[in-house]
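Student: Handing you a structure now.
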Protein chains: 2
Amino acid sequence: MDAAPPLRTGLSQSRNVLKVRTLADLARLAGVSTGTASRALSESPLVNARTRERIRTLARDHGFQPNRIASNLRSRRTGTIGVVIPLRHERRQHISDPFFMTLLGYLADELTESGYNLMLSRAVPDDAPDWLDRIAGSGMVDGVIVIGQSDQFETIERVAKDYPPLVVWGSSRPGQVHCAVGTDNGTAGRMAAERLLAGGSTRLAFLGETTGMEIADRFAGVRDAVEHTEASCLHLPCPMSLDLMAEELETRLIEHAGWIDGIVAASDLIAMSALKVLDSLGKNVPGDVQIIGFDDLQFAAQTVPPLTTIRQDIAGSARAIITRLKAAIGGNSPDSLITNPVLIERETTR
Amino acid sequence: MDAAPPLRTGLSQSRNVLKVRTLADLARLAGVSTGTASRALSESPLVNARTRERIRTLARDHGFQPNRIASNLRSRRTGTIGVVIPLRHERRQHISDPFFMTLLGYLADELTESGYNLMLSRAVPDDAPDWLDRIAGSGMVDGVIVIGQSDQFETIERVAKDYPPLVVWGSSRPGQVHCAVGTDNGTAGRMAAERLLAGGSTRLAFLGETTGMEIADRFAGVRDAVEHTEASCLHLPCPMSLDLMAEELETRLIEHAGWIDGIVAASDLIAMSALKVLDSLGKNVPGDVQIIGFDDLQFAAQTVPPLTTIRQDIAGSARAIITRLKAAIGGNSPDSLITNPVLIERETTR
DNA sequence: CAAGCTATTGCAAAGGATTGTTGCAAAGGA
DNA sequence: TCCTTTGCAACAATCCTTTGCAATAGCTTG
């Protein structure tokens with residue numbers, strides 16, 4: 001009689017620890033239904049505390065985790081936020097820009113704290129005009145953050161019209177549909193220029209490419225400040241990405257170095273490069289030329305001499321973005337935010 | 001008889017463009033089954049070319065995209081790679097370290113080109129010992145990349161044992177299970193120290209925290225090089241993250257500045273800060289003190305003076321990581337890769 | 001003209017979890 | 001004692017695609 005154990009037992013107990021792959025396995029093991037197991041794992045008060053603990057212990061012991069994909073499908077929530085950086089193709093840019101990376105870091109921190117995952121996408125709008133639709137409509141994310149409008153304002157507006165959970169790092173235009181968080185770049189540019197003028201510079205140069213809205217606004221601010229003075233301002237376009245920037249900047253700067261006595265750089269990185277070129281030309285900073293950078297990234301305080309710059313509150317902006325995104329996911333329509341830039345005085349101005 | 005059209009027609013055509021949300025909607029519209037619609041959208045040769053085009057046009061016109069979550073569930077592939085950065089809690093570190101960010105940028109580029117999404121996670125092992133199990137076992141990713149072993153070698157080994165699609169940026173130990181791609185940090189440290197010795201320095205300092213394996217290896221290399229010479233080497237621990245590093249570094253460096261005549265920094269960022277502190281102390285670089293950095297990040301060429309540093313081939317490593325990960329996903333067991341560091345001579349050595 | 005192919009398409013079963021509804025007991029109240 | 005609450009679980013219906021297999025139709029060939 002005890003020679004042959006029942007077949008079922010033989011199978012299911014053939015290994016002491018049999019692999020628990022699905023909720024159904026776990027439920028069977030615990031002698032409950034999958035529904036109960038599911039609720040137990042999600043701390044639902046609908047299941048008895050003792051049952052719940054028993055199931056959770058079982059899950060832990062077997063290293064079971066419910067399949068998140070199936071969970072996402074059923075609950076129609078993914079707990080994931082998409083972060084997209086639109087890049088320009090012709091420049092073969094990649095996403096290593098330190099400002100973006102810093103912002104991304106803070107976003108990742110904030111999202112993690114809120115229990116969200118972060119799906120990073122690098123979009124090249126020139127190659128795929130539907131770059132944003134693709135990520136918004138995929139069902140893979142609960143919301144989308146776009147870092148930098150670049151020249152994609154129209155696309156973003158179009159998508160935002162019927163995809164609410166979308167927040168953008170960048171400029172706001174009156175009447176725009178999408179929610180944006182960004183610095184008042186016009187004012188920022190003006191502040192920088194005015195500081196240079198105050199320090200006695202009259203022959204300014206703006207270093208940076210004005211294709212994206214943000215930088216264009218900064219440049220406009222600079223022109224504004226110079227407008228009714230006897231000073232003048234030169235525009236030296238140069239890419240944001242360091243590997244391309246370095247030599248282009250060097251060439252252009254050397255060409256105009258005799259004339260320039262004040263520089264507004266579109267980013268701290270550009271300012272840092274300018275600092276180095278001027279040093280190699282034997283120019284004294286801030287004696288011969290003043291420089292103001294942009295962003296106040298961490299390394300701005302570590303250059304020689306330490307960089308005067310216009311600070312954007314990156315950490316605060318990241319928080320603001322997440323707050324707004326959560327509101328939007330919750331069905332609200334958050335307002336855009338325009339933060340005030342702050343001039344950080346260090347030693348490249350006099 | 002023709003007075004009342006069939007109810008069905010009345011409903012389904014009540015709006016000319018009715019929203020196509022699911023494959024079933026699309027199929028109904030096209031008059032085919034969902035299976036066929038699915039195959040049409042995925043370019044299956046099993047469906048007639050004309051039918052396929054008709055369905056695809058319909059999908060395009062209605063802005064339809066198949067739900068990726070459902071697709072993932074059914075096909076058991078997500079097309080997503082998880083990238084995890086283990087952080088140390090006590091330091092309240094965040095992921096803005098420029099080396100990580102640069103590597104992340106390249107990984108994002110490579111993954112995008114391969115049609116993968118990138119899910120970024122910031123893990124704090126001190127808070128959650130199952131940080132890696134959680135992401136590997138969630139079913140949300142087809143593979144995992146860990147950036148930096150930190151002090152989590154054991155955990156990584158444990159998970160790698162039954163989760164093959166895992167590649168790590170970091171050191172390799174003989175006999176380890178997991179596939180790692182990284183620089184030969186020992187040799188790198190030795191190279192740096194030898195260069196300083198060759199330049200006439202004898203009182204070296206190593207700047208950086210040696211908690212993580214990678215940095216510890218570099219330091220070991222430095223000690224190695226110094227071992228049989230009359231030179232000696234001091235260890236000044238300082239955090240990697242710039243906001244914490246700056247003042248700690250300043251304090252320690254000022255304290256020992258009289259003695260030190262050569263510095264190996266654990267990162268370019270540390271080297272840059274050291275450069276600034278030494279400048280403020282009136283020390284000449286490389287005259288009084290030589291400095292060698294680590295990584296050769298882009299900004300290393302833009303410091304004043306430009307930084308001599310040990311290059312790690314970040315772009316190449318990113319490619320190597322992805323290649324290996326794809327191999328692992330394909331069922332192979334890729335070998336680890338140890339790349340050779342290269343000394344980049346600039347102007348902080350003599 | 002029947003039989004056999006081939007090219008398409010439809011059918012229906014996964015894939016694994018969530019959740020509204022229903023059912024059953026035990027407990028409490030009249 | 002009977003009826004109403006409560007508390008706990010089970011049931012079964014989704015969520016939306018993918019995909020193996022069956023079925024059909026149209027052609028070719030003997």
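Starting from 1 in every chain, residues are counted up; chains themselves are A, B, ... following the order of the structure tokens, and ligands are numbered from 1 as listed.
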What parts of region 1-154 of chain A does DSSP call alpha helix (DSSP H)? I'd like the answer as a PyMOL selection string.

Tutor: chain A and resi 7-12+23-30+34-41+49-61+68-75+98-113+131-136+153-154

Student: Over all C-alpha pairs taken in sequence order, what does chain B look like after a least-squares fit onto chain A? Please give it as a short mmCIF file (atom, residue, chain, number, x, y, z; two decimals) with C-alpha atoms, in the first residue's frame.

Tutor:
data_model
loop_
_atom_site.label_atom_id
_atom_site.label_comp_id
_atom_site.auth_asym_id
_atom_site.auth_seq_id
_atom_site.Cartn_x
_atom_site.Cartn_y
_atom_site.Cartn_z
CA MET B 1 -3.50 0.28 -1.34
CA ASP B 2 -0.73 2.38 0.10
CA ALA B 3 1.74 0.88 -2.35
CA ALA B 4 1.27 3.54 -5.00
CA PRO B 5 0.84 7.10 -3.85
CA PRO B 6 -1.39 9.25 -6.01
CA LEU B 7 0.36 10.38 -9.15
CA ARG B 8 -0.26 14.04 -8.46
CA THR B 9 1.56 13.93 -5.20
CA GLY B 10 4.40 12.06 -6.73
CA LEU B 11 4.85 14.72 -9.35
CA SER B 12 4.41 17.81 -7.34
CA GLN B 13 6.63 16.70 -4.52
CA SER B 14 9.32 15.09 -6.62
CA ARG B 15 11.56 17.99 -5.58
CA ASN B 16 11.34 19.49 -2.18
CA VAL B 17 11.72 23.02 -3.52
CA LEU B 18 9.99 23.26 -6.82
CA LYS B 19 10.37 26.49 -8.66
CA VAL B 20 7.64 29.00 -7.98
CA ARG B 21 7.38 31.00 -11.16
CA THR B 22 3.89 32.33 -11.19
CA LEU B 23 1.30 33.47 -8.79
CA ALA B 24 -0.58 30.27 -9.57
CA ASP B 25 2.37 28.22 -8.34
CA LEU B 26 2.50 30.20 -5.17
CA ALA B 27 -1.23 29.93 -4.64
CA ARG B 28 -1.16 26.19 -5.13
CA LEU B 29 1.65 25.92 -2.63
CA ALA B 30 -0.24 27.96 -0.11
CA GLY B 31 -3.50 26.20 -0.83
CA VAL B 32 -5.34 29.35 -1.80
CA SER B 33 -6.55 30.86 -5.03
CA THR B 34 -4.41 33.12 -7.17
CA GLY B 35 -6.66 35.99 -6.33
CA THR B 36 -5.96 35.63 -2.68
CA ALA B 37 -2.26 35.27 -3.28
CA SER B 38 -2.29 38.42 -5.35
CA ARG B 39 -4.09 40.33 -2.66
CA ALA B 40 -1.79 39.00 0.02
CA LEU B 41 1.29 40.22 -1.78
CA SER B 42 -0.18 43.64 -2.34
CA GLU B 43 -1.08 44.00 1.33
CA SER B 44 -4.75 44.09 0.65
CA PRO B 45 -6.80 44.32 3.86
CA LEU B 46 -9.23 41.92 2.23
CA VAL B 47 -7.17 38.93 3.21
CA ASN B 48 -6.76 37.56 6.68
CA ALA B 49 -3.58 38.76 8.36
CA ARG B 50 -2.42 35.25 9.14
CA THR B 51 -3.03 34.02 5.61
CA ARG B 52 -1.33 37.07 4.23
CA GLU B 53 1.78 36.51 6.29
CA ARG B 54 1.90 32.86 5.40
CA ILE B 55 1.75 33.64 1.71
CA ARG B 56 4.29 36.41 1.94
CA THR B 57 6.71 34.21 3.81
CA LEU B 58 6.29 31.54 1.20
CA ALA B 59 6.94 34.06 -1.53
CA ARG B 60 10.04 35.33 0.18
CA ASP B 61 11.39 31.85 0.77
CA HIS B 62 10.99 30.92 -2.84
CA GLY B 63 12.27 34.21 -4.14
CA PHE B 64 9.02 34.79 -5.92
CA GLN B 65 8.17 38.11 -7.50
CA PRO B 66 4.97 38.63 -9.41
CA ASN B 67 5.53 39.30 -13.08
CA ARG B 68 5.39 43.03 -13.45
CA ILE B 69 4.47 42.91 -17.11
CA ALA B 70 1.33 40.91 -16.46
CA SER B 71 0.57 43.15 -13.56
CA ASN B 72 1.01 46.22 -15.72
CA LEU B 73 -1.22 44.83 -18.39
CA ARG B 74 -4.01 44.01 -16.05
CA SER B 75 -3.87 47.12 -13.90
CA ARG B 76 -3.16 49.44 -16.81
CA ARG B 77 -0.42 51.17 -14.89
CA THR B 78 3.25 50.60 -15.47
CA GLY B 79 4.86 52.62 -12.71
CA THR B 80 7.31 53.84 -15.31
CA ILE B 81 8.00 57.32 -16.56
CA GLY B 82 9.59 57.92 -19.93
CA VAL B 83 12.32 60.50 -20.17
CA VAL B 84 13.12 61.60 -23.69
CA ILE B 85 15.92 63.74 -24.95
CA PRO B 86 15.44 64.96 -28.50
CA LEU B 87 18.77 65.11 -30.26
CA ARG B 88 19.84 66.64 -33.50
CA HIS B 89 20.98 64.17 -36.03
CA GLU B 90 23.28 66.22 -38.17
CA ARG B 91 25.55 66.84 -35.24
CA ARG B 92 25.68 63.23 -34.19
CA GLN B 93 25.00 64.54 -30.75
CA HIS B 94 24.71 62.15 -27.90
CA ILE B 95 23.20 62.54 -24.54
CA SER B 96 26.33 63.16 -22.54
CA ASP B 97 25.71 66.87 -22.20
CA PRO B 98 26.45 67.54 -18.55
CA PHE B 99 23.43 69.72 -18.00
CA PHE B 100 21.06 67.08 -19.29
CA MET B 101 22.87 64.47 -17.32
CA THR B 102 22.64 66.43 -14.13
CA LEU B 103 18.95 67.02 -14.63
CA LEU B 104 18.52 63.38 -15.48
CA GLY B 105 20.27 62.42 -12.27
CA TYR B 106 17.93 64.51 -10.19
CA LEU B 107 14.91 63.23 -12.07
CA ALA B 108 16.05 59.68 -11.43
CA ASP B 109 16.38 60.46 -7.75
CA GLU B 110 12.97 62.01 -7.50
CA LEU B 111 11.27 59.31 -9.52
CA THR B 112 12.86 56.55 -7.52
CA GLU B 113 11.69 58.12 -4.30
CA SER B 114 8.19 58.22 -5.72
CA GLY B 115 8.34 54.56 -6.65
CA TYR B 116 8.58 55.12 -10.37
CA ASN B 117 10.95 53.57 -12.82
CA LEU B 118 12.63 55.69 -15.42
CA MET B 119 12.75 54.72 -19.04
CA LEU B 120 15.31 56.69 -20.93
CA SER B 121 14.91 57.32 -24.62
CA ARG B 122 17.12 59.17 -26.93
CA ALA B 123 15.07 60.45 -29.82
CA VAL B 124 16.30 61.77 -33.12
CA PRO B 125 13.36 63.75 -34.48
CA ASP B 126 15.04 64.21 -37.84
CA ASP B 127 14.96 60.46 -38.36
CA ALA B 128 11.56 59.78 -36.88
CA PRO B 129 8.98 62.56 -36.81
CA ASP B 130 6.78 60.39 -34.62
CA TRP B 131 9.42 60.09 -31.90
CA LEU B 132 7.12 61.38 -29.22
CA ASP B 133 3.95 59.62 -30.31
CA ARG B 134 5.91 56.43 -30.24
CA ILE B 135 6.84 56.64 -26.62
CA ALA B 136 3.61 58.22 -25.43
CA GLY B 137 1.40 55.76 -27.25
CA SER B 138 3.31 52.61 -26.48
CA GLY B 139 1.48 51.94 -23.26
CA MET B 140 4.79 51.34 -21.59
CA VAL B 141 4.86 54.51 -19.55
CA ASP B 142 2.45 56.32 -17.28
CA GLY B 143 3.86 59.67 -18.24
CA VAL B 144 6.57 61.36 -20.25
CA ILE B 145 9.17 63.97 -19.50
CA VAL B 146 10.84 65.69 -22.41
CA ILE B 147 14.17 67.25 -21.65
CA GLY B 148 14.65 70.24 -23.89
CA GLN B 149 12.29 71.34 -26.59
CA SER B 150 15.07 71.68 -29.10
CA ASP B 151 13.25 72.68 -32.28
CA GLN B 152 10.36 70.33 -31.60
CA PHE B 153 7.88 72.76 -30.11
CA GLU B 154 5.17 71.93 -32.66
CA THR B 155 5.47 68.20 -32.22
CA ILE B 156 5.30 68.50 -28.48
CA GLU B 157 2.23 70.70 -28.69
CA ARG B 158 0.52 68.29 -31.03
CA VAL B 159 1.12 65.28 -28.82
CA ALA B 160 0.28 67.14 -25.62
CA LYS B 161 -3.19 67.85 -27.01
CA ASP B 162 -4.33 64.31 -26.46
CA TYR B 163 -1.70 62.98 -24.15
CA PRO B 164 -1.96 64.90 -20.90
CA PRO B 165 0.72 63.28 -18.70
CA LEU B 166 3.53 65.15 -20.38
CA VAL B 167 5.87 67.66 -18.82
CA VAL B 168 8.67 69.39 -20.63
CA TRP B 169 11.87 70.98 -19.46
CA GLY B 170 12.09 74.15 -21.44
CA SER B 171 10.57 77.46 -22.34
CA SER B 172 6.95 78.49 -22.13
CA ARG B 173 5.21 80.40 -24.87
CA PRO B 174 1.98 82.24 -24.14
CA GLY B 175 -0.99 80.02 -24.83
CA GLN B 176 0.90 76.80 -25.19
CA VAL B 177 -0.86 73.57 -24.39
CA HIS B 178 1.91 71.57 -22.81
CA CYS B 179 3.17 72.01 -19.30
CA ALA B 180 6.73 73.26 -19.21
CA VAL B 181 9.17 73.91 -16.42
CA GLY B 182 12.11 76.10 -17.20
CA THR B 183 14.17 79.13 -16.50
CA ASP B 184 13.31 82.58 -17.73
CA ASN B 185 16.04 82.47 -20.32
CA GLY B 186 15.38 85.95 -21.64
CA THR B 187 15.89 87.52 -18.25
CA ALA B 188 18.85 85.27 -17.67
CA GLY B 189 20.54 86.46 -20.82
CA ARG B 190 19.82 90.04 -19.92
CA MET B 191 21.25 89.57 -16.42
CA ALA B 192 24.44 88.13 -17.81
CA ALA B 193 24.90 90.92 -20.31
CA GLU B 194 24.11 93.61 -17.78
CA ARG B 195 26.67 92.20 -15.42
CA LEU B 196 29.31 92.33 -18.12
CA LEU B 197 28.35 95.90 -18.99
CA ALA B 198 28.50 96.82 -15.33
CA GLY B 199 31.99 95.36 -15.24
CA GLY B 200 33.00 97.65 -18.04
CA SER B 201 32.82 95.37 -21.05
CA THR B 202 31.43 96.87 -24.24
CA ARG B 203 32.37 94.37 -26.93
CA LEU B 204 30.41 91.26 -26.06
CA ALA B 205 30.26 87.85 -27.66
CA PHE B 206 27.57 85.24 -27.22
CA LEU B 207 28.93 81.72 -27.53
CA GLY B 208 26.47 79.02 -28.50
CA GLU B 209 24.10 77.70 -31.12
CA THR B 210 20.68 79.31 -31.15
CA THR B 211 18.76 76.55 -32.88
CA GLY B 212 16.99 75.43 -29.73
CA MET B 213 14.48 77.80 -28.18
CA GLU B 214 16.16 77.99 -24.81
CA ILE B 215 19.48 79.22 -26.09
CA ALA B 216 17.81 81.50 -28.60
CA ASP B 217 15.96 83.14 -25.73
CA ARG B 218 19.18 83.69 -23.85
CA PHE B 219 20.75 85.31 -26.83
CA ALA B 220 17.70 87.50 -27.30
CA GLY B 221 18.07 88.61 -23.70
CA VAL B 222 21.64 89.55 -24.29
CA ARG B 223 20.78 91.59 -27.36
CA ASP B 224 18.03 93.24 -25.39
CA ALA B 225 20.43 94.40 -22.74
CA VAL B 226 22.89 95.69 -25.26
CA GLU B 227 20.25 97.42 -27.37
CA HIS B 228 20.20 100.89 -25.91
CA THR B 229 23.82 101.11 -24.91
CA GLU B 230 26.88 101.89 -26.90
CA ALA B 231 28.03 98.31 -26.43
CA SER B 232 27.62 95.71 -29.12
CA CYS B 233 27.31 91.98 -29.28
CA LEU B 234 28.70 89.37 -31.59
CA HIS B 235 27.26 85.90 -32.03
CA LEU B 236 29.71 83.04 -32.31
CA PRO B 237 27.70 79.84 -32.88
CA CYS B 238 29.30 76.72 -31.53
CA PRO B 239 27.87 73.29 -30.76
CA MET B 240 26.95 72.31 -27.23
CA SER B 241 28.66 68.98 -27.33
CA LEU B 242 32.21 69.28 -26.08
CA ASP B 243 34.00 67.13 -28.60
CA LEU B 244 32.71 69.22 -31.47
CA MET B 245 32.77 72.45 -29.58
CA ALA B 246 36.39 72.55 -28.52
CA GLU B 247 38.09 73.14 -31.83
CA GLU B 248 35.32 75.18 -33.41
CA LEU B 249 35.32 77.43 -30.40
CA GLU B 250 39.07 77.76 -30.51
CA THR B 251 39.09 78.77 -34.16
CA ARG B 252 36.35 81.34 -33.78
CA LEU B 253 37.59 82.72 -30.53
CA ILE B 254 41.12 83.19 -31.77
CA GLU B 255 39.73 84.98 -34.77
CA HIS B 256 37.84 87.50 -32.67
CA ALA B 257 39.91 87.52 -29.51
CA GLY B 258 41.37 90.92 -30.24
CA TRP B 259 37.97 92.56 -30.28
CA ILE B 260 36.05 90.74 -27.54
CA ASP B 261 36.17 91.94 -23.96
CA GLY B 262 33.18 90.13 -22.53
CA ILE B 263 31.68 86.69 -23.09
CA VAL B 264 28.29 85.21 -22.37
CA ALA B 265 28.55 81.49 -22.85
CA ALA B 266 25.46 79.41 -23.47
CA SER B 267 26.68 76.80 -21.02
CA ASP B 268 29.29 76.36 -18.33
CA LEU B 269 31.05 73.87 -20.54
CA ILE B 270 31.45 76.44 -23.28
CA ALA B 271 32.62 78.96 -20.71
CA MET B 272 35.19 76.51 -19.45
CA SER B 273 36.52 75.92 -22.93
CA ALA B 274 36.64 79.64 -23.56
CA LEU B 275 38.58 80.06 -20.35
CA LYS B 276 41.16 77.63 -21.58
CA VAL B 277 41.46 79.17 -25.03
CA LEU B 278 41.83 82.65 -23.60
CA ASP B 279 44.47 81.38 -21.19
CA SER B 280 46.41 79.86 -24.05
CA LEU B 281 46.18 83.19 -25.87
CA GLY B 282 47.70 84.90 -22.89
CA LYS B 283 44.54 86.82 -22.12
CA ASN B 284 43.77 87.55 -18.50
CA VAL B 285 40.34 86.67 -17.13
CA PRO B 286 38.66 88.77 -15.88
CA GLY B 287 41.23 91.52 -16.52
CA ASP B 288 41.13 91.50 -20.31
CA VAL B 289 37.95 89.54 -20.85
CA GLN B 290 35.08 88.83 -18.52
CA ILE B 291 33.19 85.56 -18.84
CA ILE B 292 29.80 84.46 -17.62
CA GLY B 293 28.67 80.90 -17.94
CA PHE B 294 25.28 79.30 -17.74
CA ASP B 295 23.72 76.63 -15.50
CA ASP B 296 26.09 76.65 -12.52
CA LEU B 297 26.91 73.01 -12.85
CA GLN B 298 28.99 71.66 -10.04
CA PHE B 299 32.27 72.01 -11.84
CA ALA B 300 31.70 75.71 -12.43
CA ALA B 301 33.10 76.41 -8.98
CA GLN B 302 36.19 74.35 -9.73
CA THR B 303 37.52 76.09 -12.80
CA VAL B 304 40.53 78.36 -12.63
CA PRO B 305 39.47 81.04 -12.01
CA PRO B 306 36.08 79.93 -10.64
CA LEU B 307 33.31 80.78 -13.03
CA THR B 308 30.76 83.50 -12.65
CA THR B 309 27.57 82.00 -13.99
CA ILE B 310 23.80 82.14 -14.19
CA ARG B 311 22.38 79.43 -12.01
CA GLN B 312 19.40 77.34 -12.94
CA ASP B 313 18.00 75.48 -9.99
CA ILE B 314 18.26 72.01 -11.44
CA ALA B 315 17.29 70.01 -8.36
CA GLY B 316 14.33 72.26 -7.72
CA SER B 317 13.26 72.06 -11.33
CA ALA B 318 13.43 68.28 -11.24
CA ARG B 319 11.15 68.30 -8.24
CA ALA B 320 8.79 70.71 -9.95
CA ILE B 321 8.68 68.53 -13.03
CA ILE B 322 7.83 65.42 -11.05
CA THR B 323 5.21 67.19 -8.99
CA ARG B 324 3.52 68.41 -12.13
CA LEU B 325 3.76 65.08 -13.85
CA LYS B 326 2.17 63.35 -10.91
CA ALA B 327 -0.59 65.91 -10.92
CA ALA B 328 -1.14 65.36 -14.62
CA ILE B 329 -1.26 61.60 -14.14
CA GLY B 330 -3.80 62.21 -11.41
CA GLY B 331 -6.01 63.98 -13.90
CA ASN B 332 -5.15 67.59 -13.14
CA SER B 333 -3.76 70.14 -15.55
CA PRO B 334 -0.73 71.62 -13.86
CA ASP B 335 0.51 75.09 -14.74
CA SER B 336 3.82 75.74 -16.36
CA LEU B 337 6.59 77.07 -14.17
CA ILE B 338 9.11 79.70 -15.06
CA THR B 339 11.87 79.93 -12.50
CA ASN B 340 14.07 82.89 -11.85
CA PRO B 341 17.70 82.66 -12.80
CA VAL B 342 20.26 83.73 -10.22
CA LEU B 343 23.58 85.34 -10.91
CA ILE B 344 26.38 83.57 -9.08
CA GLU B 345 29.35 85.85 -8.77
CA ARG B 346 32.71 84.19 -8.82
CA GLU B 347 35.96 85.33 -10.31
CA THR B 348 35.56 85.61 -14.05
CA THR B 349 33.85 88.98 -13.76
CA ARG B 350 35.29 92.12 -12.35
#

Student: For DT6 (chain D), work out the shell of residues within 12 Å, counting only C-alpha atoms (C1' of nucleotides) and skipping chain neighbours fewer than 5 positions away, then give it as a compact mmCIF listing (two decimals) with C-alpha atoms (C1' of nucleotides), in the first residue's frame.

Tutor:
# COMPACT_ATOMS: atom_id res chain seq x y z
CA LEU A 46 -9.41 42.19 2.09
C1' DC C 24 -20.33 30.84 2.30
C1' DA C 25 -19.75 30.78 7.28
C1' DA C 26 -19.44 32.50 11.53
C1' DA C 27 -20.79 36.09 14.56
C1' DG C 28 -24.05 39.24 16.42

Student: Considering only C-alpha atoms (C1' of nucleotides), return as a list in words whatever protein or nucleic-acid residues lie within 10 Å of DA23 (chain D), sequence-local ones (same chain, fewer than 6 positions apart) excluded.

Tutor: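 Surrounding residues, per the criterion: DT9, DG10 and DC11 of chain C.
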
Student: Please identify every residue of chain C that has at least one atom no more than 12 Å from any atom of chain B, counting only C-alpha atoms (C1' of nucleotides), and report them as a PyMOL selection string.

Tutor: chain C and resi 6-17

Student: Can you measure C1' of DT5 (chain D) to C1' of DT22 (chain C) for me? One decimal in Å is fine.

Tutor: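 Distance between the two atoms: 16.1 Å.
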
Student: Select residues of chain D: the criterion is any atom within 8 Å of an atom of chain A, counting only C-alpha atoms (C1' of nucleotides); output as a list in words.

Tutor: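 Taken together, these residues fit the definition: DC8, DA9, DA10, DT14, DC15 and DC16 of chain D.
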
Student: Grab the residues selected above and save them as a PDB file, in the first residue's frame with C-alpha atoms (C1' of nucleotides).

Tutor:
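Written file, selection-v9.pdb:
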ATOM      1  C1'  DC D   8     -12.796  36.077   3.950  1.00  0.00           C
ATOM      2  C1'  DA D   9     -12.051  33.671  -0.374  1.00  0.00           C
ATOM      3  C1'  DA D  10     -13.237  31.866  -4.693  1.00  0.00           C
ATOM      4  C1'  DT D  14     -10.840  41.186 -18.195  1.00  0.00           C
ATOM      5  C1'  DC D  15      -6.236  43.602 -20.058  1.00  0.00           C
ATOM      6  C1'  DC D  16      -4.449  43.111 -25.555  1.00  0.00           C
TER       7       DC D  16
END

Student: Among region 64-152 of chain B, which residues does DSSP mark as strand (DSSP E) when it is run on the backbone? Keep the chain and numbering as in the structure and answer as a VMD selection string.

Tutor: chain B and resid 80 to 86 117 to 123 143 to 147

Student: Excluding same-chain residues fewer than 6 positions from DG4 (chain C), what lies within 12 Å of it counting only C-alpha atoms (C1' of nucleotides), as an mmCIF file with C-alpha atoms (C1' of nucleotides), in the first residue's frame?

Tutor:
data_model
loop_
_atom_site.group_PDB
_atom_site.id
_atom_site.type_symbol
_atom_site.label_atom_id
_atom_site.label_comp_id
_atom_site.auth_asym_id
_atom_site.auth_seq_id
_atom_site.Cartn_x
_atom_site.Cartn_y
_atom_site.Cartn_z
ATOM 1 C "C1'" DC D 27 -4.716 26.647 -58.786
ATOM 2 C "C1'" DT D 28 -2.053 23.232 -60.845
ATOM 3 C "C1'" DT D 29 -1.475 18.717 -62.410
ATOM 4 C "C1'" DG D 30 -2.331 14.032 -63.643
#
